[in-house]
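Q: Dropping the structure in here first, questions after.
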Amino acid sequence: MRFLYYDRVDRLTKGESIVGIKSFPLSEEFFRGHHRKVALVPGVIFIEAMAQLLGWLTIYSYDFKFTAVMSLIEGVKVTSTLRPGFTAEIQAELISANRRDSYGCARCLVDGQEVASVDRILYAHSRQVDPEALKQLFSYYSGTGGDTPWLSNPGRI
Amino acid sequence: MRYLLVDHITGIDPDKSIRGIKNVAMTEDFLEFHFPRNPIMPGVMLLESLAQMTGWLSAVSSDFDRWFVIGNVLQCKYYGFAYPGDQVELEVTVSGEDDQGSPIYLGMAKVGGRKKVVAEFSGQTLPLSDLDEVEDKRREYQVLTRSLPRR
């Protein structure tokens with residue numbers, strides 16, 4: 001299982017917001033055991049998807065000079081009764097940030113309907129990073145950066 | 001990877017609390033990307049461990065009629081990381097009720113007695129027979145509680 005909970009980044013505004021897309025196919029590893037008679041997307045996966053995108057927004061906003069690690073989540077609502085076969089749009093906003101920490105909010109929409117939201121995700125920053133390596137990871141994960149217009153990324157930034 | 005995030009149940013008090021263990025192994029798939037060259041058990045996976053513990057608490061408290069799924073996280077605070085090789089001690093206790101009278105759970109994850117995660121959450125229970133074969137679940141519970149005295 002590759003612990004990556006977005007398939008691409010569609011919109012990215014430095015210091016403000018990020019919008020990403022995540023598909024939920026039946027082939028996801030987490031359906032093994034969750035459950036045997038019906039496949040249900042675990043609610044915490046939505047939390048991880050929102051946290052990963054907001055974390056990257058923070059890192060990108062500060063030019064990859066630090067990494068962001070989740071330290072607190074508050075006011076989370078998730079739907080735990082969704083079967084696979086849908087695509088979620090994940091929207092996240094950075095509310096406040098300084099050198100040491102940052103926080104924001106996020107939500108997941110499926111066909112315009114909200115299926116998960118979090119009022120506050122707080123991150124602690126760590127400066128023990130290689131900015132160039134972090135930038136490359138983000139490029140790979142998000143489908144942004146580089147000069148070739150990959151066909152899988154119509155909402156290219 | 002099988003999405004089973006509880007290895008052992010070490011104590012249970014139906015309708016009240018449950019205790020158990022999650023061992024973090026270097027073979028876990030999620031450690032490859034979380035994070036590259038710096039494996040740390042993802043915080044939401046620890047939250048999932050606590051949610052699955054609550055599932056077992058619901059199952060045992062209802063004679064395997066109901067299973068808990070998470071719906072709201074009031075707060076989840078991370079105090080430290082769980083690394084490969086760590087044995088995470090899990091505990092979930094019913095701590096109150098929400099507006100609809102559903103239980104609110106307080107979950108705690110510790111490593112070597114040191115607090116790593118404290119989470120307050122609630123959710124709904126679903127008919128277990130809609131999710132899994134009840135007999136399979138009973139057998140799985142016997143495996144997880146192998147060290148507990150049989151009733």
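FYI, nothing fancy with the structure tokens labels: chains A, B, ... in order, residues from 1 per chain, ligands from 1 as they appear.
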What are the closest atom pairs, with distances in Å to one decimal, for all residues of chain B lying within 9 Å of chain A? Consider only C-alpha atoms, order rows by chain and residue number, and present the result as CSV.

A:
```
residue,atom,partner,partner_atom,distance
B:Met1,CA,A:Glu29,CA,6.0
B:Arg2,CA,A:Arg32,CA,5.1
B:Tyr3,CA,A:Phe30,CA,5.1
B:Leu4,CA,A:Gly33,CA,6.5
B:Glu28,CA,A:Met1,CA,8.6
B:Asp29,CA,A:Met1,CA,5.2
B:Phe30,CA,A:Phe3,CA,5.1
B:Leu31,CA,A:Phe3,CA,7.9
B:Glu32,CA,A:Arg2,CA,7.3
B:Phe33,CA,A:Phe3,CA,5.6
B:His34,CA,A:Phe3,CA,6.8
B:Pro42,CA,A:Glu48,CA,8.7
B:Gly43,CA,A:Met70,CA,7.6
B:Val44,CA,A:Val44,CA,6.1
B:Met45,CA,A:Val44,CA,7.7
B:Leu47,CA,A:Val44,CA,7.4
B:Glu48,CA,A:Val44,CA,6.4
B:Val69,CA,A:Ser80,CA,6.2
B:Ile70,CA,A:Gly43,CA,6.4
B:Gly71,CA,A:Val78,CA,5.0
B:Asn72,CA,A:Lys77,CA,4.6
B:Val73,CA,A:Val76,CA,4.8
B:Leu74,CA,A:Gly75,CA,5.0
B:Gln75,CA,A:Glu74,CA,4.4
B:Cys76,CA,A:Ile73,CA,5.2
B:Lys77,CA,A:Leu72,CA,4.5
B:Tyr78,CA,A:Ser71,CA,4.9
B:Tyr79,CA,A:Ser71,CA,7.2
B:Gly80,CA,A:Ser71,CA,8.5
B:Phe121,CA,A:Val76,CA,8.9
B:Gly123,CA,A:Ser80,CA,8.8
B:Gln124,CA,A:Ser80,CA,8.9
B:Ser129,CA,A:Lys37,CA,8.4
B:Asp130,CA,A:Lys37,CA,6.7
B:Leu131,CA,A:Lys37,CA,5.0
B:Asp132,CA,A:Arg36,CA,5.1
B:Glu133,CA,A:Lys37,CA,7.2
```

Q: Once DSSP has gone over the backbone, tell me which residues of chain B are in strand (DSSP E or B), as an MDAnalysis selection string.

A: chainID B and resid 8:13 17:23 66:78 87:97 103:111 114:127

Q: What's the 10 Å shell around Tyr62 (chain A), counting only C-alpha atoms, without same-chain residues fewer than 3 positions away, as a short mmCIF file (atom, residue, chain, number, x, y, z; two decimals) with N, CA, C and O atoms, in the first residue's frame?

A:
```cif
data_model
loop_
_atom_site.label_atom_id
_atom_site.label_comp_id
_atom_site.auth_asym_id
_atom_site.auth_seq_id
_atom_site.Cartn_x
_atom_site.Cartn_y
_atom_site.Cartn_z
N LYS A 14 -0.23 29.80 -3.43
CA LYS A 14 0.76 29.90 -2.36
C LYS A 14 0.21 30.65 -1.14
O LYS A 14 -0.36 31.73 -1.28
N GLY A 15 0.38 30.04 0.03
CA GLY A 15 -0.05 30.68 1.27
C GLY A 15 -1.55 30.71 1.48
O GLY A 15 -2.04 31.22 2.49
N TRP A 56 1.17 19.65 2.32
CA TRP A 56 1.96 20.06 1.15
C TRP A 56 1.76 21.54 0.83
O TRP A 56 2.70 22.21 0.41
N LEU A 57 0.56 22.05 1.04
CA LEU A 57 0.33 23.49 0.80
C LEU A 57 1.26 24.31 1.70
O LEU A 57 1.87 25.29 1.25
N THR A 58 1.36 23.90 2.95
CA THR A 58 2.23 24.61 3.90
C THR A 58 3.69 24.55 3.44
O THR A 58 4.39 25.56 3.39
N ILE A 59 4.13 23.34 3.08
CA ILE A 59 5.52 23.14 2.68
C ILE A 59 5.83 23.95 1.41
O ILE A 59 6.84 24.64 1.31
N LYS A 65 11.29 24.66 2.64
CA LYS A 65 12.37 24.85 3.62
C LYS A 65 12.16 24.03 4.88
O LYS A 65 13.06 23.86 5.69
N PHE A 66 10.92 23.55 5.08
CA PHE A 66 10.68 22.67 6.22
C PHE A 66 9.62 21.65 5.83
O PHE A 66 8.95 21.79 4.80
N THR A 67 9.48 20.64 6.67
CA THR A 67 8.40 19.69 6.47
C THR A 67 7.38 19.89 7.58
O THR A 67 7.71 20.43 8.64
N ALA A 97 0.15 30.66 9.65
CA ALA A 97 1.43 29.94 9.66
C ALA A 97 2.54 30.85 10.16
O ALA A 97 2.51 32.06 9.92
N ASN A 98 3.48 30.27 10.87
CA ASN A 98 4.72 30.98 11.19
C ASN A 98 5.86 29.98 11.07
O ASN A 98 5.66 28.88 10.55
N ARG A 99 7.03 30.33 11.52
CA ARG A 99 8.18 29.46 11.33
C ARG A 99 8.02 28.11 12.05
O ARG A 99 8.49 27.09 11.58
#
```

Q: If we count only C-alpha atoms and set the cut-off at 9 Å, which residues sit around Lys137 (chain B), ignoring sequence neighbours fewer than 5 positions away in its own chain? Please answer as a compact mmCIF listing (two decimals) with N, CA, C and O atoms, in the first residue's frame.

A:
```txt
# COMPACT_ATOMS: atom_id res chain seq x y z
N ALA B 59 -18.67 -4.76 19.51
CA ALA B 59 -19.02 -6.14 19.17
C ALA B 59 -19.22 -6.97 20.42
O ALA B 59 -20.26 -7.64 20.58
N PHE B 64 -21.76 -9.52 19.50
CA PHE B 64 -21.39 -9.55 18.08
C PHE B 64 -22.55 -9.16 17.15
O PHE B 64 -22.67 -9.67 16.04
N LEU B 128 -23.25 -5.78 12.53
CA LEU B 128 -22.01 -6.50 12.19
C LEU B 128 -22.25 -7.50 11.06
O LEU B 128 -21.39 -7.68 10.19
N ASP B 132 -19.44 -8.21 8.04
CA ASP B 132 -18.57 -9.40 8.07
C ASP B 132 -19.40 -10.61 8.44
O ASP B 132 -20.52 -10.49 8.95
N GLN B 142 -11.28 -14.45 19.25
CA GLN B 142 -10.58 -15.48 20.06
C GLN B 142 -9.07 -15.40 19.85
O GLN B 142 -8.30 -15.56 20.78
```

Q: Give me, as a PDB file with N, CA, C and O atoms, in the first residue's frame, all polymer residues having an atom no more than 10 Å from Gly85 (chain B), counting only C-alpha atoms and skipping those fewer than 3 positions away in the same chain.

A:
```pdb
ATOM      1  N   ASN B  23       1.483  -3.611  17.347  1.00  0.00           N
ATOM      2  CA  ASN B  23       2.931  -3.617  17.144  1.00  0.00           C
ATOM      3  C   ASN B  23       3.253  -2.945  15.810  1.00  0.00           C
ATOM      4  O   ASN B  23       2.599  -3.233  14.808  1.00  0.00           O
ATOM      5  N   VAL B  24       4.236  -2.087  15.809  1.00  0.00           N
ATOM      6  CA  VAL B  24       4.625  -1.414  14.565  1.00  0.00           C
ATOM      7  C   VAL B  24       5.816  -2.177  13.984  1.00  0.00           C
ATOM      8  O   VAL B  24       6.851  -2.296  14.641  1.00  0.00           O
ATOM      9  N   ALA B  25       5.632  -2.719  12.769  1.00  0.00           N
ATOM     10  CA  ALA B  25       6.699  -3.511  12.142  1.00  0.00           C
ATOM     11  C   ALA B  25       7.263  -2.791  10.922  1.00  0.00           C
ATOM     12  O   ALA B  25       6.532  -2.097  10.217  1.00  0.00           O
ATOM     13  N   MET B  26       8.542  -2.973  10.673  1.00  0.00           N
ATOM     14  CA  MET B  26       9.189  -2.345   9.518  1.00  0.00           C
ATOM     15  C   MET B  26       8.555  -2.817   8.197  1.00  0.00           C
ATOM     16  O   MET B  26       8.670  -2.140   7.173  1.00  0.00           O
ATOM     17  N   ALA B  82       5.214   6.981  16.910  1.00  0.00           N
ATOM     18  CA  ALA B  82       5.430   5.546  17.102  1.00  0.00           C
ATOM     19  C   ALA B  82       6.306   5.078  15.942  1.00  0.00           C
ATOM     20  O   ALA B  82       5.994   5.348  14.777  1.00  0.00           O
ATOM     21  N   VAL B  88       2.643  -0.432  20.696  1.00  0.00           N
ATOM     22  CA  VAL B  88       1.739   0.652  21.091  1.00  0.00           C
ATOM     23  C   VAL B  88       0.634   0.073  21.979  1.00  0.00           C
ATOM     24  O   VAL B  88      -0.066  -0.859  21.580  1.00  0.00           O
TER      25      VAL B  88
END
```

Q: Can you tell me, as a VMD selection string, what residues are no more than 9 Å from Ile95 (chain A) when counting only C-alpha atoms, ignoring any on the same chain fewer than 2 positions away?

A: chain A and resid 15 to 16 93 97 102 to 105

Q: Taking the DSSP assignment computed from this structure's backbone, write out as a short mmCIF file (atom, residue, chain, number, x, y, z; two decimals) with N, CA, C and O atoms, in the first residue's frame all residues of region 21-127 of chain A that belong to helix (DSSP H, G or I).

A:
```
data_model
loop_
_atom_site.label_atom_id
_atom_site.label_comp_id
_atom_site.auth_asym_id
_atom_site.auth_seq_id
_atom_site.Cartn_x
_atom_site.Cartn_y
_atom_site.Cartn_z
N GLU A 29 -5.74 -1.08 -1.10
CA GLU A 29 -5.35 -2.12 -0.14
C GLU A 29 -6.19 -2.11 1.13
O GLU A 29 -6.41 -3.14 1.75
N PHE A 30 -6.65 -0.92 1.52
CA PHE A 30 -7.36 -0.86 2.81
C PHE A 30 -8.71 -1.58 2.81
O PHE A 30 -9.30 -1.78 3.86
N PHE A 31 -9.18 -1.99 1.62
CA PHE A 31 -10.43 -2.75 1.61
C PHE A 31 -10.23 -4.20 2.05
O PHE A 31 -11.19 -4.92 2.29
N GLY A 43 -13.22 5.94 7.46
CA GLY A 43 -13.35 7.39 7.64
C GLY A 43 -12.02 8.09 7.82
O GLY A 43 -11.82 9.22 7.35
N VAL A 44 -11.06 7.44 8.49
CA VAL A 44 -9.77 8.11 8.76
C VAL A 44 -8.97 8.37 7.48
O VAL A 44 -8.10 9.24 7.46
N ILE A 45 -9.27 7.63 6.41
CA ILE A 45 -8.56 7.86 5.15
C ILE A 45 -8.86 9.27 4.63
O ILE A 45 -7.98 9.94 4.07
N PHE A 46 -10.09 9.74 4.83
CA PHE A 46 -10.41 11.11 4.43
C PHE A 46 -9.59 12.12 5.24
O PHE A 46 -9.15 13.14 4.73
N ILE A 47 -9.41 11.83 6.52
CA ILE A 47 -8.61 12.72 7.37
C ILE A 47 -7.19 12.79 6.82
O ILE A 47 -6.60 13.86 6.69
N GLU A 48 -6.64 11.60 6.48
CA GLU A 48 -5.27 11.56 5.96
C GLU A 48 -5.18 12.32 4.64
O GLU A 48 -4.22 13.06 4.41
N ALA A 49 -6.17 12.16 3.76
CA ALA A 49 -6.16 12.85 2.46
C ALA A 49 -6.15 14.36 2.67
O ALA A 49 -5.37 15.09 2.04
N MET A 50 -6.98 14.84 3.57
CA MET A 50 -7.05 16.28 3.84
C MET A 50 -5.74 16.77 4.46
O MET A 50 -5.21 17.82 4.09
N ALA A 51 -5.21 15.97 5.39
CA ALA A 51 -3.98 16.36 6.09
C ALA A 51 -2.77 16.37 5.14
O ALA A 51 -1.90 17.24 5.25
N GLN A 52 -2.72 15.41 4.21
CA GLN A 52 -1.57 15.36 3.29
C GLN A 52 -1.58 16.58 2.37
O GLN A 52 -0.53 17.21 2.14
N LEU A 53 -2.74 16.93 1.84
CA LEU A 53 -2.78 18.08 0.92
C LEU A 53 -2.50 19.39 1.63
O LEU A 53 -1.74 20.22 1.14
N LEU A 54 -3.10 19.57 2.80
CA LEU A 54 -2.86 20.81 3.55
C LEU A 54 -1.39 20.90 3.97
O LEU A 54 -0.78 21.98 3.93
N GLY A 55 -0.83 19.75 4.34
CA GLY A 55 0.60 19.72 4.70
C GLY A 55 1.47 20.17 3.54
O GLY A 55 2.39 20.98 3.70
N TRP A 56 1.17 19.65 2.32
CA TRP A 56 1.96 20.06 1.15
C TRP A 56 1.76 21.54 0.83
O TRP A 56 2.70 22.21 0.41
N LEU A 57 0.56 22.05 1.04
CA LEU A 57 0.33 23.49 0.80
C LEU A 57 1.26 24.31 1.70
O LEU A 57 1.87 25.29 1.25
N THR A 58 1.36 23.90 2.95
CA THR A 58 2.23 24.61 3.90
C THR A 58 3.69 24.55 3.44
O THR A 58 4.39 25.56 3.39
N ILE A 59 4.13 23.34 3.08
CA ILE A 59 5.52 23.14 2.68
C ILE A 59 5.83 23.95 1.41
O ILE A 59 6.84 24.64 1.31
N TYR A 60 4.91 23.90 0.45
CA TYR A 60 5.05 24.63 -0.81
C TYR A 60 5.06 26.14 -0.54
O TYR A 60 5.87 26.88 -1.13
N SER A 61 4.20 26.59 0.36
CA SER A 61 4.10 28.03 0.65
C SER A 61 5.40 28.58 1.22
O SER A 61 5.69 29.76 1.08
#
```

Q: Can you tell me how far CA of Val110 (chain A) sits from CA of Trp67 (chain B), in Å to one decimal?

A: 25.2 Å

Q: In Å, rounded to a single decimal, give me how far CA of Val117 (chain B) is from CA of Val143 (chain B).

A: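 Spanning CA of Val143 (chain B) to CA of Val117 (chain B) is a straight-line distance of 25.8 Å.
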